[in-house]
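Here's the structure, in structure tokens; my notes come after.
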Amino acid sequence: MELLEFCYLHNFQSISLSDIPVERQRRWFRDSFDHLLTIAHSQHSSDAGVMQSSGVQIFKEVPAIKKPFWSEIVIGFRFMTDRELKRFPDHKFGQAFTTIKCECSSYLPWLEKRFKKARGQVQQRRVNDLLELSKSYDIIVNCSGLGSIKLVGDTEVYPVRGQVLKVEAPWLQHFIRDSDGCTYIYPGIKSVTLGGTRQECDGNLQVDKEDTKGILERCCRLESSVCKAKVLSQWVGLRPSRRNVRVEREVVQLHGQPVPVVHNYGHGGWGVTLAWGTALDALGLVRQYLDEI
Amino acid sequence: MRVAVIGAGVIGLSTAQSIYEQYHSIVTPLIIEVYADCFTPLTTSDGAAGFWQPYLYDKGNIQETKWNKETFDYLLSFLSSPESVKMGVFLQSGYNLCTEPCPDPSFKDIVLGFRQLTERELQLFPGYNFGWFNTALMVEGKTYLPWLTDWLQTRGVKFYHRKIGSFKELAETGADVIVNCSGIRSRELQADPELKPGRGQIVKVDAPWLKHWICTHNFTAGTYNSPYIIPGSRLVTVGGVFQLGNWNEQSNSADHKRIWENACQLEPSLKHARIVEDWSGLRPVRSKVRLERETIQSSPTPIEVIHNYGHGGFGLTIHRGCAQEAARLFGQIVEQKGKGPKARL
């Protein structure tokens, strides 16, 4: 499974963590946001690829919930003014706020460096089943995303295909996201990401020309200055989707031996948005095991 | 009619544009010429960050606030077209920070989404406990001036690389109206004790992870004498310095050090930014913009001059409003000389 290099901004709108208590969800979002905000405002911002980003989420129809629960977690949340909405004649309502962009192509190497500095070890290898690891490790933390389908037989996990373009448009400073989650413009450090698609149960990793065309047309309609922007690259990723993010303990019986496992996967399109918060929860579960040993 | 515009900064070029737009079909022929010894990318307008923001308070100069608004609305109207990229115009949001509570600025209803800063935002800026957030425009001189030049040349406006010694010199060559957009150097054409240089120095750095402008305000130190960080489309402009009466256009290391240290304190991630260059310029400071007609007595005929200079640190911010007003003054001269539409009936 290819490493998901691309990381989305916080896509809060259509999150379905419905079985997870609201307080726990809120804590995940808040912990993740605060962690990234601290980095964004530190000297590590550029190395870690974590930056503040302001912009708007726009709606073609006024939504039932105008002020979602995460409005208190992002910074400066407010409704768009009529003047601001004039730029988007197809849209009737919008939210403006400041959030974080976390570019995993920099963030992951940065985290890995810190992990290794703290004497963590990284091995590049395919794990075919947990039994392989249970021989050498007391606790297994399973963050295998889509890999969990095979690794732990989780049939609730399914891919949601996303295609994006990276274009050169350095004058763009704000993100623009259509609430349907399928059209977005996210200015980054070295390029602007244009997206996207949400194709459920589609595992095709090849760039699709029709999708490219669709993305460009939709983004261009929102922001005409990207119409002629130079396309730098295109990319496809598979969101590891699940009805609920799975962060829980499980004692797995492997050849008669009980193996403590902590699961942390199924984040769909909210990996960046929830990573730190769910990691802290997973850490708590690991600690529980350690206390019990 | 022959119009000679002195100065090819944002004021000169945009004034030529407004006069053309409003009068080229009314006055025929309308010959417009731009005279300057300094063109893009070497003008004061080119060195500026290109950030649309007036001084916090207009001190009763409501005319200037009106011109600022006109400029903002004008530039904003281009955003829905791809032309905006060629003009160097784009939106950017950011922070105005103060060390104490202060009244809302004159531009609060002009910019987009103006609001007070939340507690959480203020925590990001230790030392500042009050401020505002809004979305404003950027108009980068190094792109805007070439766009204006191209616009004018396409419509037959001629450019002359020449230092003008006096208004009389141009009048003698047959110019009917002289438009003085010579900025800080207007003193070379006519004494004006109110016009003084407001020296600025900036550092341009490569820090593409920054997407918000941050402007601090220190009421004791004065406008622009407090750190500001303004990301552009390619580089980030870091300042600020405002030295009234200092004519030195060379960058100096003491100012650089102070600017840099203050900015890094404000935005720690700048530590890792690559410094590209320093630049210094002289803001044409005046108690208020000189935008008026003057008929200079001379023989054989009086010289009609329209002055449009003294825009301090807000030239880009106010240019369109002033250009339109200058064109209106031009219209008065056209009427007077009987060259208007009525004359042709």
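Labels for the structure tokens follow display order: chains A, B, ..., residues from 1 in each chain, ligands from 1.
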
Taking only C-alpha atoms into account and nothing else, which residues of chain A lie no more than 10 Å away from chain B? Please answer as a VMD selection string.
chain A and resid 37 to 47 49 to 55 74 to 84 86 to 88 96 98 101 169 to 174 187 to 191 220 to 229

Selected residues, C-alpha atoms, written as a PDB file, in the first residue's frame, please.
ATOM      1  CA  LEU A  37      -1.358  25.018  15.819  1.00  0.00           C
ATOM      2  CA  THR A  38       1.581  24.937  18.208  1.00  0.00           C
ATOM      3  CA  ILE A  39       3.828  23.670  15.429  1.00  0.00           C
ATOM      4  CA  ALA A  40       2.453  26.189  12.929  1.00  0.00           C
ATOM      5  CA  HIS A  41       3.399  28.997  15.267  1.00  0.00           C
ATOM      6  CA  SER A  42       6.815  27.758  16.125  1.00  0.00           C
ATOM      7  CA  GLN A  43      10.131  27.872  14.351  1.00  0.00           C
ATOM      8  CA  HIS A  44       9.387  24.318  13.150  1.00  0.00           C
ATOM      9  CA  SER A  45       6.552  25.438  10.895  1.00  0.00           C
ATOM     10  CA  SER A  46       8.502  25.208   7.641  1.00  0.00           C
ATOM     11  CA  ASP A  47      10.406  22.006   8.442  1.00  0.00           C
ATOM     12  CA  GLY A  49       5.207  21.557   6.682  1.00  0.00           C
ATOM     13  CA  VAL A  50       2.559  22.833   9.049  1.00  0.00           C
ATOM     14  CA  MET A  51       1.083  26.264   8.370  1.00  0.00           C
ATOM     15  CA  GLN A  52      -1.897  28.371   9.230  1.00  0.00           C
ATOM     16  CA  SER A  53      -4.441  28.724   6.466  1.00  0.00           C
ATOM     17  CA  SER A  54      -7.487  30.976   6.280  1.00  0.00           C
ATOM     18  CA  GLY A  55     -10.337  30.593   3.880  1.00  0.00           C
ATOM     19  CA  VAL A  74     -10.856  26.353  14.480  1.00  0.00           C
ATOM     20  CA  ILE A  75      -9.885  29.994  14.815  1.00  0.00           C
ATOM     21  CA  GLY A  76     -12.045  33.021  14.150  1.00  0.00           C
ATOM     22  CA  PHE A  77     -15.051  31.110  12.816  1.00  0.00           C
ATOM     23  CA  ARG A  78     -17.746  33.379  11.399  1.00  0.00           C
ATOM     24  CA  PHE A  79     -20.293  33.431   8.623  1.00  0.00           C
ATOM     25  CA  MET A  80     -19.300  35.012   5.346  1.00  0.00           C
ATOM     26  CA  THR A  81     -20.635  38.482   4.641  1.00  0.00           C
ATOM     27  CA  ASP A  82     -22.807  39.203   1.609  1.00  0.00           C
ATOM     28  CA  ARG A  83     -19.921  41.030  -0.027  1.00  0.00           C
ATOM     29  CA  GLU A  84     -17.719  37.998   0.341  1.00  0.00           C
ATOM     30  CA  LYS A  86     -20.701  37.858  -4.165  1.00  0.00           C
ATOM     31  CA  ARG A  87     -17.561  36.130  -5.431  1.00  0.00           C
ATOM     32  CA  PHE A  88     -19.491  32.859  -5.481  1.00  0.00           C
ATOM     33  CA  ALA A  96     -14.900  31.753   7.075  1.00  0.00           C
ATOM     34  CA  THR A  98      -8.561  29.949  10.049  1.00  0.00           C
ATOM     35  CA  LYS A 101      -2.654  22.863   6.669  1.00  0.00           C
ATOM     36  CA  ALA A 169      -0.640  29.575  -8.333  1.00  0.00           C
ATOM     37  CA  PRO A 170       1.472  31.347  -5.717  1.00  0.00           C
ATOM     38  CA  TRP A 171      -0.894  34.317  -5.542  1.00  0.00           C
ATOM     39  CA  LEU A 172      -3.552  32.202  -3.850  1.00  0.00           C
ATOM     40  CA  GLN A 173      -3.511  32.652  -0.094  1.00  0.00           C
ATOM     41  CA  HIS A 174      -6.934  31.321   0.945  1.00  0.00           C
ATOM     42  CA  PRO A 187      -2.898  26.692  -1.209  1.00  0.00           C
ATOM     43  CA  GLY A 188       0.157  24.973   0.168  1.00  0.00           C
ATOM     44  CA  ILE A 189       3.785  25.799   0.688  1.00  0.00           C
ATOM     45  CA  LYS A 190       5.064  25.015  -2.780  1.00  0.00           C
ATOM     46  CA  SER A 191       1.894  24.523  -4.802  1.00  0.00           C
ATOM     47  CA  CYS A 220     -11.954  27.260 -12.163  1.00  0.00           C
ATOM     48  CA  ARG A 221     -15.589  28.191 -11.637  1.00  0.00           C
ATOM     49  CA  LEU A 222     -14.862  29.025  -8.015  1.00  0.00           C
ATOM     50  CA  GLU A 223     -11.552  30.775  -8.623  1.00  0.00           C
ATOM     51  CA  SER A 224     -10.993  31.917 -12.179  1.00  0.00           C
ATOM     52  CA  SER A 225      -7.321  32.666 -11.608  1.00  0.00           C
ATOM     53  CA  VAL A 226      -6.561  28.921 -11.525  1.00  0.00           C
ATOM     54  CA  CYS A 227      -7.962  28.372 -15.003  1.00  0.00           C
ATOM     55  CA  LYS A 228      -4.620  28.905 -16.661  1.00  0.00           C
ATOM     56  CA  ALA A 229      -2.431  27.765 -13.778  1.00  0.00           C
TER      57      ALA A 229
END

Please identify which residues in range 153-231 of chain A DSSP calls strand (DSSP E) from the backbone, and express them as a PyMOL selection string.
chain A and resi 158-168+174-178+184-187+192-195+199-200+230-231

Between CA of Thr155 in chain A and CA of Thr278 in chain A, measure the distance and give it in Å to one decimal.
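Between CA of Thr155 in chain A and CA of Thr278 in chain A the gap is 21.1 Å.
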
Test item, alpha helix (DSSP H) assignment across range 40-283 of chain A, answer as a VMD selection string:
chain A and resid 40 45 to 48 82 to 85 104 to 117 130 to 134 148 to 151 209 to 222 271 to 283

Which residue out of B:Thr154, B:Asn180, B:Gln201, B:Asn96 has the minimum interatomic distance to Ala254 in chain B when only C-alpha atoms are used?
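Once distances to Ala254 in chain B are computed over only C-alpha atoms, the minimum belongs to B:Gln201.
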
Non-local contacts of range 306-321 of chain B (8 Å; only C-alpha atoms; under 2 positions in same chain excluded) as number ranges by chain
B: 10-11, 14-15, 45, 50-55, 64, 66-72, 74, 139, 141, 177-184, 186, 195, 198, 283-286, 288-294, 304, 323-326, 329-330

Shell around Gly281 in chain B at 6 Å using only C-alpha atoms, local window under 3 positions removed, as a PyMOL selection string
chain B and resi 44+199-200+249

Measure the distance from CA of Val192 in chain A to CA of Tyr144 in chain B in Å and round it to one decimal.
22.5 Å

Selected residue of minimal separation from Gln253 in chain A among A:Phe115, A:Ser71, A:Gly284, A:Val152, counting only C-alpha atoms:
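Checking each of A:Phe115, A:Ser71, A:Gly284, A:Val152 against Gln253 in chain A, counting only C-alpha atoms, the winner is A:Val152.
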
So that I can check the surroundings of Trp279 in chain B, please list as a compact mmCIF listing (two decimals) with all heavy atoms, in the first residue's frame every protein, DNA and RNA residue that reaches within 7 Å of it, counting only C-alpha atoms and ignoring chain neighbours fewer than 3 positions away.
# COMPACT_ATOMS: atom_id res chain seq x y z
N GLY B 47 9.12 48.73 -5.12
CA GLY B 47 9.75 48.21 -3.90
C GLY B 47 8.76 47.90 -2.80
O GLY B 47 9.00 47.03 -1.97
N GLN B 201 12.84 50.76 4.89
CA GLN B 201 13.75 49.70 4.49
C GLN B 201 13.04 48.38 4.72
O GLN B 201 12.29 48.22 5.69
CB GLN B 201 15.05 49.75 5.30
CG GLN B 201 16.07 48.69 4.86
CD GLN B 201 17.44 48.92 5.46
OE1 GLN B 201 17.92 50.04 5.57
NE2 GLN B 201 18.08 47.83 5.85
N ILE B 202 13.23 47.46 3.78
CA ILE B 202 12.58 46.15 3.93
C ILE B 202 13.58 45.04 3.61
O ILE B 202 14.60 45.27 2.95
CB ILE B 202 11.38 45.99 2.99
CG1 ILE B 202 11.79 46.33 1.55
CG2 ILE B 202 10.20 46.82 3.44
CD1 ILE B 202 10.74 45.98 0.53
N VAL B 203 13.23 43.85 4.08
CA VAL B 203 14.01 42.66 3.76
C VAL B 203 13.05 41.73 3.03
O VAL B 203 11.92 41.51 3.49
CB VAL B 203 14.52 41.95 5.04
CG1 VAL B 203 15.41 40.79 4.69
CG2 VAL B 203 15.25 42.94 5.95
N SER B 251 20.38 50.77 1.71
CA SER B 251 19.98 49.96 2.86
C SER B 251 21.12 49.93 3.85
O SER B 251 22.29 49.91 3.44
CB SER B 251 19.67 48.53 2.40
OG SER B 251 18.56 48.56 1.55

Neighbours of Leu133 in chain A within 12 Å (only C-alpha atoms; same-chain residues fewer than 4 positions away dropped), as a list in words?
Gln123, Arg125, Arg126, Val127, Asn128, Asp129, Tyr137, Asp138, Ile139, Ile140, Val141, Asn142, Leu151, Leu254, Val259, Pro260 and Val261 of chain A

Writing out the chosen residues with N, CA, C and O atoms as a CSV table (one decimal), in the first residue's frame:
chain,number,residue,atom,x,y,z
A,123,GLN,N,11.3,0.0,10.5
A,123,GLN,CA,11.7,-1.1,9.6
A,123,GLN,C,10.7,-1.0,8.4
A,123,GLN,O,9.5,-1.1,8.6
A,125,ARG,N,9.0,-2.9,5.9
A,125,ARG,CA,8.7,-4.3,5.5
A,125,ARG,C,7.2,-4.5,5.5
A,125,ARG,O,6.4,-3.8,6.2
A,126,ARG,N,6.7,-5.4,4.7
A,126,ARG,CA,5.3,-5.8,4.7
A,126,ARG,C,5.0,-6.7,5.8
A,126,ARG,O,5.6,-7.7,6.0
A,127,VAL,N,3.9,-6.4,6.5
A,127,VAL,CA,3.5,-7.3,7.6
A,127,VAL,C,2.3,-8.0,7.1
A,127,VAL,O,1.3,-7.4,6.8
A,128,ASN,N,2.4,-9.3,6.9
A,128,ASN,CA,1.3,-10.1,6.4
A,128,ASN,C,0.3,-10.6,7.4
A,128,ASN,O,-0.9,-10.7,7.1
A,129,ASP,N,0.7,-10.8,8.6
A,129,ASP,CA,-0.2,-11.0,9.7
A,129,ASP,C,0.4,-10.7,11.0
A,129,ASP,O,1.6,-10.6,11.1
A,137,TYR,N,7.2,-8.7,19.7
A,137,TYR,CA,6.7,-7.5,20.4
A,137,TYR,C,5.5,-7.9,21.4
A,137,TYR,O,4.8,-8.8,21.2
A,138,ASP,N,5.5,-7.2,22.5
A,138,ASP,CA,4.5,-7.4,23.5
A,138,ASP,C,3.2,-6.8,23.2
A,138,ASP,O,2.1,-7.3,23.6
A,139,ILE,N,3.2,-5.7,22.6
A,139,ILE,CA,2.0,-4.9,22.2
A,139,ILE,C,2.1,-4.5,20.7
A,139,ILE,O,3.2,-4.1,20.3
A,140,ILE,N,1.0,-4.7,20.0
A,140,ILE,CA,1.0,-4.3,18.6
A,140,ILE,C,0.0,-3.1,18.5
A,140,ILE,O,-1.1,-3.2,18.9
A,141,VAL,N,0.5,-2.1,17.8
A,141,VAL,CA,-0.4,-0.9,17.5
A,141,VAL,C,-0.7,-0.9,16.0
A,141,VAL,O,0.2,-0.8,15.2
A,142,ASN,N,-1.9,-1.2,15.7
A,142,ASN,CA,-2.3,-1.4,14.3
A,142,ASN,C,-2.8,-0.1,13.6
A,142,ASN,O,-3.9,0.3,13.9
A,151,LEU,N,-5.2,-7.4,7.1
A,151,LEU,CA,-4.4,-7.7,8.3
A,151,LEU,C,-5.2,-8.2,9.5
A,151,LEU,O,-4.8,-9.1,10.2
A,254,LEU,N,-3.7,-15.5,18.9
A,254,LEU,CA,-2.9,-15.9,17.8
A,254,LEU,C,-2.2,-17.2,18.2
A,254,LEU,O,-1.3,-17.2,19.1
A,259,VAL,N,-2.6,-11.8,22.3
A,259,VAL,CA,-1.7,-10.7,21.9
A,259,VAL,C,-2.5,-9.4,22.1
A,259,VAL,O,-3.5,-9.2,21.4
A,260,PRO,N,-1.9,-8.5,22.9
A,260,PRO,CA,-2.6,-7.2,23.1
A,260,PRO,C,-2.4,-6.3,21.8
A,260,PRO,O,-1.3,-6.1,21.4
A,261,VAL,N,-3.5,-5.9,21.3
A,261,VAL,CA,-3.4,-5.0,20.1
A,261,VAL,C,-4.2,-3.8,20.4
A,261,VAL,O,-5.3,-3.8,21.0

Which residue, A:Cys102, A:Arg161, A:Asn264, A:Glu61, has the smallest gap to Pro89 in chain A when you use only C-alpha atoms?
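That would be A:Glu61, the residue with the smallest distance to Pro89 in chain A.
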
I'd like the contact shell of Arg2 in chain B - 8 Å cut-off, only C-alpha atoms, skipping same-chain residues fewer than 3 positions apart - returned as a list of chain:residue names.
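Selected residues are B:Leu30, B:Ile31, B:Ile32, B:Glu33, B:Gly174, B:Ala175, B:Asp176, B:Val177.
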
Only all heavy atoms, please: the residues just picked out, written as a PDB file, in the first residue's frame.
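Full text of result14.pdb as output:
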ATOM      1  N   LEU B  30      -6.463  62.926 -28.430  1.00  0.00           N
ATOM      2  CA  LEU B  30      -5.952  63.036 -27.065  1.00  0.00           C
ATOM      3  C   LEU B  30      -4.605  62.323 -27.044  1.00  0.00           C
ATOM      4  O   LEU B  30      -4.544  61.106 -27.159  1.00  0.00           O
ATOM      5  CB  LEU B  30      -6.917  62.396 -26.068  1.00  0.00           C
ATOM      6  CG  LEU B  30      -6.467  62.473 -24.598  1.00  0.00           C
ATOM      7  CD1 LEU B  30      -6.419  63.925 -24.118  1.00  0.00           C
ATOM      8  CD2 LEU B  30      -7.409  61.667 -23.721  1.00  0.00           C
ATOM      9  N   ILE B  31      -3.542  63.127 -26.958  1.00  0.00           N
ATOM     10  CA  ILE B  31      -2.197  62.537 -26.939  1.00  0.00           C
ATOM     11  C   ILE B  31      -1.703  62.557 -25.508  1.00  0.00           C
ATOM     12  O   ILE B  31      -1.602  63.607 -24.878  1.00  0.00           O
ATOM     13  CB  ILE B  31      -1.248  63.347 -27.842  1.00  0.00           C
ATOM     14  CG1 ILE B  31      -1.774  63.322 -29.285  1.00  0.00           C
ATOM     15  CG2 ILE B  31       0.161  62.771 -27.787  1.00  0.00           C
ATOM     16  CD1 ILE B  31      -1.175  64.384 -30.164  1.00  0.00           C
ATOM     17  N   ILE B  32      -1.421  61.370 -25.002  1.00  0.00           N
ATOM     18  CA  ILE B  32      -0.926  61.265 -23.626  1.00  0.00           C
ATOM     19  C   ILE B  32       0.509  60.757 -23.673  1.00  0.00           C
ATOM     20  O   ILE B  32       0.808  59.778 -24.367  1.00  0.00           O
ATOM     21  CB  ILE B  32      -1.784  60.302 -22.774  1.00  0.00           C
ATOM     22  CG1 ILE B  32      -3.248  60.741 -22.790  1.00  0.00           C
ATOM     23  CG2 ILE B  32      -1.257  60.245 -21.343  1.00  0.00           C
ATOM     24  CD1 ILE B  32      -4.182  59.812 -22.041  1.00  0.00           C
ATOM     25  N   GLU B  33       1.386  61.437 -22.944  1.00  0.00           N
ATOM     26  CA  GLU B  33       2.795  61.039 -22.902  1.00  0.00           C
ATOM     27  C   GLU B  33       3.236  60.925 -21.456  1.00  0.00           C
ATOM     28  O   GLU B  33       2.877  61.758 -20.631  1.00  0.00           O
ATOM     29  CB  GLU B  33       3.653  62.087 -23.614  1.00  0.00           C
ATOM     30  CG  GLU B  33       3.314  62.217 -25.091  1.00  0.00           C
ATOM     31  CD  GLU B  33       3.796  63.519 -25.701  1.00  0.00           C
ATOM     32  OE1 GLU B  33       4.102  64.469 -24.948  1.00  0.00           O
ATOM     33  OE2 GLU B  33       3.844  63.589 -26.943  1.00  0.00           O
ATOM     34  N   GLY B 174       4.851  72.015 -26.086  1.00  0.00           N
ATOM     35  CA  GLY B 174       3.490  71.974 -26.614  1.00  0.00           C
ATOM     36  C   GLY B 174       2.486  71.207 -25.772  1.00  0.00           C
ATOM     37  O   GLY B 174       1.361  70.964 -26.214  1.00  0.00           O
ATOM     38  N   ALA B 175       2.871  70.816 -24.557  1.00  0.00           N
ATOM     39  CA  ALA B 175       1.914  70.096 -23.709  1.00  0.00           C
ATOM     40  C   ALA B 175       0.833  71.064 -23.234  1.00  0.00           C
ATOM     41  O   ALA B 175       1.133  72.160 -22.765  1.00  0.00           O
ATOM     42  CB  ALA B 175       2.627  69.490 -22.516  1.00  0.00           C
ATOM     43  N   ASP B 176      -0.439  70.658 -23.387  1.00  0.00           N
ATOM     44  CA  ASP B 176      -1.545  71.511 -22.954  1.00  0.00           C
ATOM     45  C   ASP B 176      -1.772  71.386 -21.452  1.00  0.00           C
ATOM     46  O   ASP B 176      -2.137  72.353 -20.786  1.00  0.00           O
ATOM     47  CB  ASP B 176      -2.840  71.109 -23.677  1.00  0.00           C
ATOM     48  CG  ASP B 176      -2.740  71.336 -25.171  1.00  0.00           C
ATOM     49  OD1 ASP B 176      -2.595  72.513 -25.566  1.00  0.00           O
ATOM     50  OD2 ASP B 176      -2.776  70.348 -25.932  1.00  0.00           O
ATOM     51  N   VAL B 177      -1.594  70.180 -20.954  1.00  0.00           N
ATOM     52  CA  VAL B 177      -1.780  69.932 -19.524  1.00  0.00           C
ATOM     53  C   VAL B 177      -0.608  69.086 -19.041  1.00  0.00           C
ATOM     54  O   VAL B 177      -0.194  68.141 -19.732  1.00  0.00           O
ATOM     55  CB  VAL B 177      -3.095  69.173 -19.242  1.00  0.00           C
ATOM     56  CG1 VAL B 177      -3.260  68.916 -17.738  1.00  0.00           C
ATOM     57  CG2 VAL B 177      -4.301  69.945 -19.773  1.00  0.00           C
TER      58      VAL B 177
END

Can you work out the spacing between CA of Gln22 in chain B and CA of Glu140 in chain B in Å, to one decimal?
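Separation of CA of Gln22 in chain B and CA of Glu140 in chain B: 24.8 Å.
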
Quick one: of A:Gly203, A:Gly256, A:Gly237, A:Gly196, who's nearest to Cys219 in chain A, counting only C-alpha atoms?
A:Gly196

When distances are computed from only C-alpha atoms, which of A:Leu130, A:Val62, A:Ile20, A:Ile215 shows the smallest separation from Val247 in chain A?
A:Ile20
